[in-house]
Amino acid sequence: SALHPFLAALPKCEHHVHLEGTLSPNLEFTLAQKNNISLPGNDAAFTSPSSLLERYSHFTSLDDFLHYYFVGMSALITSSDFEELAWEYFKHAAEDGVLHAEVFFDPEAHTSRGVPYQTVVAGFKAACQRAERELGISTELIICVLRHLPVESAMEAYETAVTAGHFADGTLAGLGISSTELNKPPANWKAVFAKAEKQGIRRTAHAAEEGPPQYIADALDILHVQRIDHGRRLVEDPVLMKRVADEGIMLTLCPISNVCLKGMSSMKDMPIRKFLDAGVHFSINSDDPAYFGGYILDNYCAVQETFQLSVDEWNLLAGNAIEGSWCNDERKRELR
Ligand code: HPA
Ligand code: ZN
């Protein structure tokens, strides 16, 4: 589109990308071979990187994607695997004009298969430091606890991070929750989020990606989150939408992800205009770019092609993304 160079140059903040979701089929196969990990032999999708990529073009739901996402990350074993994964993402983000990246990872998905928490964090942290040094982008790591596992597992993951001193020393910027959503109401994780709140740790939650808008209200009222990841179905509840706008709660939208996982049938159904008109703050993000075929700039361009926002509207969005970031005020001033 005519605005492509403008969108490429626009200073961007990414708030919703799962580092494990940046694992390309090529790197997955390479690391699986290096680490002697066998990918499922009973699924023809794992015949080759190209057949796996082809399978990614027709996900039927969040859970259908999550199956491949959790299988894929089984190829990650050593700190340098995690470092390479994150470094490749940061390079791509920098090329897309990202100046500030807040990235999720799933400690339980690694500890549950015998990879220590410290191995994961050491690799990701090394990549973050290298990105700050060599690419000039600021980074924040956020742990996500997993909704398909028992709440005891989430509490253990959270406590492991606290005991490591990783919230106190700035290695981790906050706590999130992700994975399968239907029939996993936010209230189940109240104890974990209450502990984080008491300890002054920032909180966010995936909500209303597939689940009902009520999960957004629950995340706000019960988990006391400061952001909502996705929140796409907020548009179905105008009263709640006004509240989210009035309270300045930022949604971290992932348009290509939502189309890819069949949350809606086409980009036209993404409530971009409705959120803009209602004064809801949101950022535009990639979620799991290696699985959905689009990094952050692809998401910006897809939104532009469908909604034709003005330069003023893009500048407003970019400003709201800076304001909703979890960096310090000095960095926010630099980003503006
Ligand atoms: N939704 C929920 N959990 C996830 C996602 C997502 O889009 N990506 C990685 N984990
Ligand atoms: Zn996500």
# chains A, B, ... in the order shown; residues from 1 in each chain; ligands from 1
$ select_by_dssp --residues "range 137-275 of chain A" --states "alpha helix (DSSP H)" --output "ChimeraX atom specification"
/A:151-163,190-198,214-221,238-247,255-260,272-275
$ write_last_selection --atoms "C-alpha atoms" --output "PDB file, in the first residue's frame"
ATOM      1  CA  VAL A 151      -2.909 -24.009  38.971  1.00  0.00           C
ATOM      2  CA  GLU A 152      -0.269 -25.676  41.195  1.00  0.00           C
ATOM      3  CA  SER A 153       2.041 -25.794  38.183  1.00  0.00           C
ATOM      4  CA  ALA A 154       1.518 -22.069  37.552  1.00  0.00           C
ATOM      5  CA  MET A 155       2.253 -21.288  41.187  1.00  0.00           C
ATOM      6  CA  GLU A 156       5.428 -23.345  41.058  1.00  0.00           C
ATOM      7  CA  ALA A 157       6.601 -21.584  37.884  1.00  0.00           C
ATOM      8  CA  TYR A 158       5.880 -18.204  39.434  1.00  0.00           C
ATOM      9  CA  GLU A 159       7.681 -19.096  42.686  1.00  0.00           C
ATOM     10  CA  THR A 160      10.696 -20.394  40.755  1.00  0.00           C
ATOM     11  CA  ALA A 161      11.029 -17.018  39.059  1.00  0.00           C
ATOM     12  CA  VAL A 162      10.621 -15.157  42.354  1.00  0.00           C
ATOM     13  CA  THR A 163      13.179 -17.382  44.117  1.00  0.00           C
ATOM     14  CA  LYS A 190      -6.478 -15.832  41.320  1.00  0.00           C
ATOM     15  CA  ALA A 191      -3.980 -17.017  43.952  1.00  0.00           C
ATOM     16  CA  VAL A 192      -0.994 -16.657  41.596  1.00  0.00           C
ATOM     17  CA  PHE A 193      -1.999 -13.207  40.387  1.00  0.00           C
ATOM     18  CA  ALA A 194      -2.842 -12.016  43.911  1.00  0.00           C
ATOM     19  CA  LYS A 195       0.652 -12.989  45.014  1.00  0.00           C
ATOM     20  CA  ALA A 196       2.197 -11.152  42.071  1.00  0.00           C
ATOM     21  CA  GLU A 197       0.110  -8.060  42.821  1.00  0.00           C
ATOM     22  CA  LYS A 198       1.214  -8.114  46.458  1.00  0.00           C
ATOM     23  CA  GLN A 214     -16.624 -12.002  30.492  1.00  0.00           C
ATOM     24  CA  TYR A 215     -13.064 -13.349  30.699  1.00  0.00           C
ATOM     25  CA  ILE A 216     -11.816  -9.785  30.167  1.00  0.00           C
ATOM     26  CA  ALA A 217     -13.982  -8.536  33.042  1.00  0.00           C
ATOM     27  CA  ASP A 218     -12.734 -11.449  35.170  1.00  0.00           C
ATOM     28  CA  ALA A 219      -9.099 -10.743  34.290  1.00  0.00           C
ATOM     29  CA  LEU A 220      -9.601  -7.112  35.361  1.00  0.00           C
ATOM     30  CA  ASP A 221     -11.733  -7.742  38.467  1.00  0.00           C
ATOM     31  CA  PRO A 238     -20.270  -2.316  24.595  1.00  0.00           C
ATOM     32  CA  VAL A 239     -20.520  -1.577  28.328  1.00  0.00           C
ATOM     33  CA  LEU A 240     -17.267  -3.401  29.049  1.00  0.00           C
ATOM     34  CA  MET A 241     -15.712  -1.765  25.987  1.00  0.00           C
ATOM     35  CA  LYS A 242     -16.480   1.685  27.428  1.00  0.00           C
ATOM     36  CA  ARG A 243     -14.973   0.635  30.761  1.00  0.00           C
ATOM     37  CA  VAL A 244     -11.754  -0.603  29.100  1.00  0.00           C
ATOM     38  CA  ALA A 245     -11.534   2.685  27.184  1.00  0.00           C
ATOM     39  CA  ASP A 246     -12.210   4.803  30.301  1.00  0.00           C
ATOM     40  CA  GLU A 247      -9.622   2.906  32.360  1.00  0.00           C
ATOM     41  CA  PRO A 255      -4.798  -9.577  13.740  1.00  0.00           C
ATOM     42  CA  ILE A 256      -3.077 -12.171  11.533  1.00  0.00           C
ATOM     43  CA  SER A 257      -3.127 -14.674  14.427  1.00  0.00           C
ATOM     44  CA  ASN A 258      -6.891 -14.258  14.860  1.00  0.00           C
ATOM     45  CA  VAL A 259      -7.566 -14.869  11.158  1.00  0.00           C
ATOM     46  CA  CYS A 260      -5.134 -17.795  11.053  1.00  0.00           C
ATOM     47  CA  ILE A 272     -10.055  -2.154  14.510  1.00  0.00           C
ATOM     48  CA  ARG A 273     -12.451   0.673  13.568  1.00  0.00           C
ATOM     49  CA  LYS A 274     -14.796  -0.090  16.445  1.00  0.00           C
ATOM     50  CA  PHE A 275     -11.963   0.014  18.972  1.00  0.00           C
TER      51      PHE A 275
END
$ residues_around --residues "Tyr69 in chain A" --least-positions-apart "2" --cutoff "10 Å" --atoms "only C-alpha atoms" --output "PDB file with N, CA and C atoms, in the first residue's frame"
ATOM      1  N   GLU A  20       8.653 -18.825  21.824  1.00  0.00           N
ATOM      2  CA  GLU A  20       8.533 -20.189  21.273  1.00  0.00           C
ATOM      3  C   GLU A  20       7.726 -20.189  19.971  1.00  0.00           C
ATOM      4  N   GLY A  21       6.934 -19.150  19.771  1.00  0.00           N
ATOM      5  CA  GLY A  21       6.137 -19.024  18.557  1.00  0.00           C
ATOM      6  C   GLY A  21       6.913 -18.391  17.409  1.00  0.00           C
ATOM      7  N   THR A  22       8.194 -18.125  17.634  1.00  0.00           N
ATOM      8  CA  THR A  22       9.054 -17.616  16.562  1.00  0.00           C
ATOM      9  C   THR A  22       9.938 -18.736  16.000  1.00  0.00           C
ATOM     10  N   LEU A  23       9.675 -19.989  16.435  1.00  0.00           N
ATOM     11  CA  LEU A  23      10.475 -21.137  15.977  1.00  0.00           C
ATOM     12  C   LEU A  23      10.006 -21.575  14.579  1.00  0.00           C
ATOM     13  N   ASP A  63      -6.541 -24.454  19.716  1.00  0.00           N
ATOM     14  CA  ASP A  63      -6.006 -25.728  20.202  1.00  0.00           C
ATOM     15  C   ASP A  63      -5.279 -26.508  19.108  1.00  0.00           C
ATOM     16  N   ASP A  64      -5.773 -26.415  17.882  1.00  0.00           N
ATOM     17  CA  ASP A  64      -5.091 -27.081  16.762  1.00  0.00           C
ATOM     18  C   ASP A  64      -3.678 -26.510  16.604  1.00  0.00           C
ATOM     19  N   PHE A  65      -3.542 -25.194  16.683  1.00  0.00           N
ATOM     20  CA  PHE A  65      -2.224 -24.550  16.633  1.00  0.00           C
ATOM     21  C   PHE A  65      -1.366 -24.959  17.832  1.00  0.00           C
ATOM     22  N   LEU A  66      -1.971 -24.913  19.026  1.00  0.00           N
ATOM     23  CA  LEU A  66      -1.181 -25.156  20.247  1.00  0.00           C
ATOM     24  C   LEU A  66      -0.518 -26.532  20.224  1.00  0.00           C
ATOM     25  N   HIS A  67      -1.158 -27.510  19.600  1.00  0.00           N
ATOM     26  CA  HIS A  67      -0.553 -28.837  19.471  1.00  0.00           C
ATOM     27  C   HIS A  67       0.816 -28.731  18.783  1.00  0.00           C
ATOM     28  N   VAL A  71       4.633 -29.193  20.481  1.00  0.00           N
ATOM     29  CA  VAL A  71       5.531 -30.205  19.891  1.00  0.00           C
ATOM     30  C   VAL A  71       6.810 -29.527  19.397  1.00  0.00           C
ATOM     31  N   GLY A  72       6.646 -28.411  18.709  1.00  0.00           N
ATOM     32  CA  GLY A  72       7.793 -27.723  18.117  1.00  0.00           C
ATOM     33  C   GLY A  72       8.852 -27.365  19.139  1.00  0.00           C
ATOM     34  N   MET A  73       8.411 -26.835  20.260  1.00  0.00           N
ATOM     35  CA  MET A  73       9.398 -26.355  21.241  1.00  0.00           C
ATOM     36  C   MET A  73      10.141 -27.485  21.931  1.00  0.00           C
ATOM     37  N   SER A  74       9.728 -28.737  21.724  1.00  0.00           N
ATOM     38  CA  SER A  74      10.464 -29.864  22.301  1.00  0.00           C
ATOM     39  C   SER A  74      11.859 -29.983  21.691  1.00  0.00           C
ATOM     40  N   SER A 179      -2.155 -20.084  26.550  1.00  0.00           N
ATOM     41  CA  SER A 179      -2.570 -21.443  26.166  1.00  0.00           C
ATOM     42  C   SER A 179      -4.088 -21.542  26.062  1.00  0.00           C
ATOM     43  N   ASP A 288       2.624 -15.374  17.208  1.00  0.00           N
ATOM     44  CA  ASP A 288       3.486 -16.538  16.923  1.00  0.00           C
ATOM     45  C   ASP A 288       3.878 -16.487  15.443  1.00  0.00           C
ATOM     46  N   ALA A 290       6.190 -17.342  13.386  1.00  0.00           N
ATOM     47  CA  ALA A 290       6.675 -18.462  12.570  1.00  0.00           C
ATOM     48  C   ALA A 290       5.529 -19.418  12.200  1.00  0.00           C
ATOM     49  N   TYR A 291       4.455 -19.380  12.968  1.00  0.00           N
ATOM     50  CA  TYR A 291       3.318 -20.271  12.727  1.00  0.00           C
ATOM     51  C   TYR A 291       2.225 -19.608  11.892  1.00  0.00           C
TER      52      TYR A 291
END
$ closest_atom_pairs --of "chain A" --to "ligand 1" --cutoff "9 Å" --atoms "only C-alpha atoms and all ligand atoms" --output "JSON lines"
{"residue": "A:His16", "atom": "CA", "partner": "ligand 1", "partner_atom_place_in_ligand_line": "8 (N)", "distance": 8.9}
{"residue": "A:Val17", "atom": "CA", "partner": "ligand 1", "partner_atom_place_in_ligand_line": "8 (N)", "distance": 7.6}
{"residue": "A:His18", "atom": "CA", "partner": "ligand 1", "partner_atom_place_in_ligand_line": "9 (C)", "distance": 5.7}
{"residue": "A:Leu19", "atom": "CA", "partner": "ligand 1", "partner_atom_place_in_ligand_line": "9 (C)", "distance": 8.7}
{"residue": "A:Glu20", "atom": "CA", "partner": "ligand 1", "partner_atom_place_in_ligand_line": "9 (C)", "distance": 7.6}
{"residue": "A:Gly21", "atom": "CA", "partner": "ligand 1", "partner_atom_place_in_ligand_line": "9 (C)", "distance": 6.2}
{"residue": "A:Leu62", "atom": "CA", "partner": "ligand 1", "partner_atom_place_in_ligand_line": "1 (N)", "distance": 6.5}
{"residue": "A:Asp63", "atom": "CA", "partner": "ligand 1", "partner_atom_place_in_ligand_line": "2 (C)", "distance": 8.5}
{"residue": "A:Phe65", "atom": "CA", "partner": "ligand 1", "partner_atom_place_in_ligand_line": "8 (N)", "distance": 8.3}
{"residue": "A:Leu66", "atom": "CA", "partner": "ligand 1", "partner_atom_place_in_ligand_line": "10 (N)", "distance": 6.7}
{"residue": "A:Tyr69", "atom": "CA", "partner": "ligand 1", "partner_atom_place_in_ligand_line": "9 (C)", "distance": 7.2}
{"residue": "A:Phe70", "atom": "CA", "partner": "ligand 1", "partner_atom_place_in_ligand_line": "10 (N)", "distance": 8.9}
{"residue": "A:Phe104", "atom": "CA", "partner": "ligand 1", "partner_atom_place_in_ligand_line": "9 (C)", "distance": 8.6}
{"residue": "A:Phe105", "atom": "CA", "partner": "ligand 1", "partner_atom_place_in_ligand_line": "9 (C)", "distance": 8.6}
{"residue": "A:Asp106", "atom": "CA", "partner": "ligand 1", "partner_atom_place_in_ligand_line": "10 (N)", "distance": 8.2}
{"residue": "A:Cys144", "atom": "CA", "partner": "ligand 1", "partner_atom_place_in_ligand_line": "10 (N)", "distance": 8.5}
{"residue": "A:Leu146", "atom": "CA", "partner": "ligand 1", "partner_atom_place_in_ligand_line": "3 (N)", "distance": 7.9}
{"residue": "A:Arg147", "atom": "CA", "partner": "ligand 1", "partner_atom_place_in_ligand_line": "3 (N)", "distance": 8.4}
{"residue": "A:Ile177", "atom": "CA", "partner": "ligand 1", "partner_atom_place_in_ligand_line": "3 (N)", "distance": 7.8}
{"residue": "A:Ser178", "atom": "CA", "partner": "ligand 1", "partner_atom_place_in_ligand_line": "3 (N)", "distance": 4.1}
{"residue": "A:Ser179", "atom": "CA", "partner": "ligand 1", "partner_atom_place_in_ligand_line": "3 (N)", "distance": 3.3}
{"residue": "A:Thr180", "atom": "CA", "partner": "ligand 1", "partner_atom_place_in_ligand_line": "2 (C)", "distance": 5.7}
{"residue": "A:Glu181", "atom": "CA", "partner": "ligand 1", "partner_atom_place_in_ligand_line": "2 (C)", "distance": 6.8}
{"residue": "A:His206", "atom": "CA", "partner": "ligand 1", "partner_atom_place_in_ligand_line": "2 (C)", "distance": 6.4}
{"residue": "A:Ala207", "atom": "CA", "partner": "ligand 1", "partner_atom_place_in_ligand_line": "2 (C)", "distance": 8.5}
{"residue": "A:Glu209", "atom": "CA", "partner": "ligand 1", "partner_atom_place_in_ligand_line": "1 (N)", "distance": 6.9}
{"residue": "A:Glu210", "atom": "CA", "partner": "ligand 1", "partner_atom_place_in_ligand_line": "1 (N)", "distance": 8.5}
{"residue": "A:Asp229", "atom": "CA", "partner": "ligand 1", "partner_atom_place_in_ligand_line": "1 (N)", "distance": 8.5}
{"residue": "A:His230", "atom": "CA", "partner": "ligand 1", "partner_atom_place_in_ligand_line": "7 (O)", "distance": 7.8}
{"residue": "A:Cys254", "atom": "CA", "partner": "ligand 1", "partner_atom_place_in_ligand_line": "7 (O)", "distance": 8.0}
{"residue": "A:Ser257", "atom": "CA", "partner": "ligand 1", "partner_atom_place_in_ligand_line": "7 (O)", "distance": 6.7}
{"residue": "A:Asn258", "atom": "CA", "partner": "ligand 1", "partner_atom_place_in_ligand_line": "7 (O)", "distance": 7.8}
{"residue": "A:Leu261", "atom": "CA", "partner": "ligand 1", "partner_atom_place_in_ligand_line": "7 (O)", "distance": 8.3}
{"residue": "A:Asp287", "atom": "CA", "partner": "ligand 1", "partner_atom_place_in_ligand_line": "8 (N)", "distance": 5.8}
{"residue": "A:Asp288", "atom": "CA", "partner": "ligand 1", "partner_atom_place_in_ligand_line": "8 (N)", "distance": 5.8}
$ write_last_selection --atoms "C-alpha atoms" --output "PDB file, in the first residue's frame"
ATOM      1  CA  HIS A  16       2.582  -9.794  22.293  1.00  0.00           C
ATOM      2  CA  VAL A  17       4.969 -12.320  20.836  1.00  0.00           C
ATOM      3  CA  HIS A  18       5.722 -15.754  22.274  1.00  0.00           C
ATOM      4  CA  LEU A  19       9.412 -16.519  21.744  1.00  0.00           C
ATOM      5  CA  GLU A  20       8.533 -20.189  21.273  1.00  0.00           C
ATOM      6  CA  GLY A  21       6.137 -19.024  18.557  1.00  0.00           C
ATOM      7  CA  LEU A  62      -6.312 -22.159  18.893  1.00  0.00           C
ATOM      8  CA  ASP A  63      -6.006 -25.728  20.202  1.00  0.00           C
ATOM      9  CA  PHE A  65      -2.224 -24.550  16.633  1.00  0.00           C
ATOM     10  CA  LEU A  66      -1.181 -25.156  20.247  1.00  0.00           C
ATOM     11  CA  TYR A  69       3.438 -25.095  19.090  1.00  0.00           C
ATOM     12  CA  PHE A  70       4.117 -27.399  22.063  1.00  0.00           C
ATOM     13  CA  PHE A 104       6.576 -13.915  26.398  1.00  0.00           C
ATOM     14  CA  PHE A 105       7.926 -17.349  27.164  1.00  0.00           C
ATOM     15  CA  ASP A 106       6.401 -20.451  28.791  1.00  0.00           C
ATOM     16  CA  CYS A 144       3.369 -16.857  30.802  1.00  0.00           C
ATOM     17  CA  LEU A 146      -0.172 -22.173  31.036  1.00  0.00           C
ATOM     18  CA  ARG A 147      -3.918 -22.580  31.298  1.00  0.00           C
ATOM     19  CA  ILE A 177      -1.230 -16.366  31.231  1.00  0.00           C
ATOM     20  CA  SER A 178      -1.796 -18.130  27.919  1.00  0.00           C
ATOM     21  CA  SER A 179      -2.570 -21.443  26.166  1.00  0.00           C
ATOM     22  CA  THR A 180      -6.017 -22.988  25.663  1.00  0.00           C
ATOM     23  CA  GLU A 181      -8.774 -20.601  26.747  1.00  0.00           C
ATOM     24  CA  HIS A 206      -4.758 -13.617  27.353  1.00  0.00           C
ATOM     25  CA  ALA A 207      -8.521 -13.116  27.311  1.00  0.00           C
ATOM     26  CA  GLU A 209      -9.279 -14.551  21.966  1.00  0.00           C
ATOM     27  CA  GLU A 210     -11.663 -17.533  21.736  1.00  0.00           C
ATOM     28  CA  ASP A 229      -3.677  -9.896  25.478  1.00  0.00           C
ATOM     29  CA  HIS A 230      -5.914 -10.212  22.409  1.00  0.00           C
ATOM     30  CA  CYS A 254      -2.795  -9.914  16.974  1.00  0.00           C
ATOM     31  CA  SER A 257      -3.127 -14.674  14.427  1.00  0.00           C
ATOM     32  CA  ASN A 258      -6.891 -14.258  14.860  1.00  0.00           C
ATOM     33  CA  LEU A 261      -6.788 -19.526  14.051  1.00  0.00           C
ATOM     34  CA  ASP A 287       1.794 -13.489  18.536  1.00  0.00           C
ATOM     35  CA  ASP A 288       3.486 -16.538  16.923  1.00  0.00           C
TER      36      ASP A 288
END
$ closest_residue --among "A:Pro116, A:Gly263, A:Gly176, A:Pro271" --to "ligand 2" --atoms "only C-alpha atoms and all ligand atoms"
A:Gly176
$ atom_distance --atom1 "CA of Ala75 in chain A" --atom2 "CA of Asp169 in chain A"
29.1 Å
$ select_by_dssp --residues "range 46-178 of chain A" --states "strand (DSSP E or B)" --output "PyMOL selection string"
chain A and resi 98-105+138-146+172-178
$ residues_around --residues "Glu14 in chain A" --least-positions-apart "6" --cutoff "8 Å" --atoms "only C-alpha atoms" --output "ChimeraX atom specification"
/A:98,100-103,283-286,296
$ write_last_selection --atoms "N, CA and C atoms" --output "CSV table (one decimal), in the first residue's frame"
chain,number,residue,atom,x,y,z
A,98,VAL,N,10.9,-2.3,15.0
A,98,VAL,CA,10.6,-2.4,16.4
A,98,VAL,C,11.7,-1.8,17.2
A,100,HIS,N,11.1,-1.4,20.7
A,100,HIS,CA,10.9,-1.9,22.1
A,100,HIS,C,10.1,-3.2,22.0
A,101,ALA,N,10.6,-4.3,22.5
A,101,ALA,CA,10.0,-5.6,22.4
A,101,ALA,C,9.8,-6.2,23.8
A,102,GLU,N,8.5,-6.5,24.1
A,102,GLU,CA,8.2,-7.3,25.3
A,102,GLU,C,7.8,-8.7,24.9
A,103,VAL,N,8.5,-9.6,25.3
A,103,VAL,CA,8.4,-11.0,24.8
A,103,VAL,C,8.0,-12.0,25.8
A,283,SER,N,-2.4,-2.2,20.9
A,283,SER,CA,-1.2,-2.3,20.0
A,283,SER,C,-1.4,-3.4,19.0
A,284,ILE,N,-0.6,-3.5,18.0
A,284,ILE,CA,-0.7,-4.5,16.9
A,284,ILE,C,0.5,-5.3,17.0
A,285,ASN,N,0.3,-6.7,17.0
A,285,ASN,CA,1.4,-7.6,17.4
A,285,ASN,C,1.4,-8.9,16.5
A,286,SER,N,2.4,-9.7,16.7
A,286,SER,CA,2.6,-10.8,15.8
A,286,SER,C,2.2,-12.2,16.5
A,296,ILE,N,5.6,-8.4,12.8
A,296,ILE,CA,4.8,-7.3,13.2
A,296,ILE,C,4.4,-6.3,12.1
$ residues_around --residues "Leu52 in chain A" --least-positions-apart "5" --cutoff "12 Å" --atoms "only C-alpha atoms" --output "PyMOL selection string"
chain A and resi 23-29+39-40+43-47+57-59+65+68-69+71-72+290-291
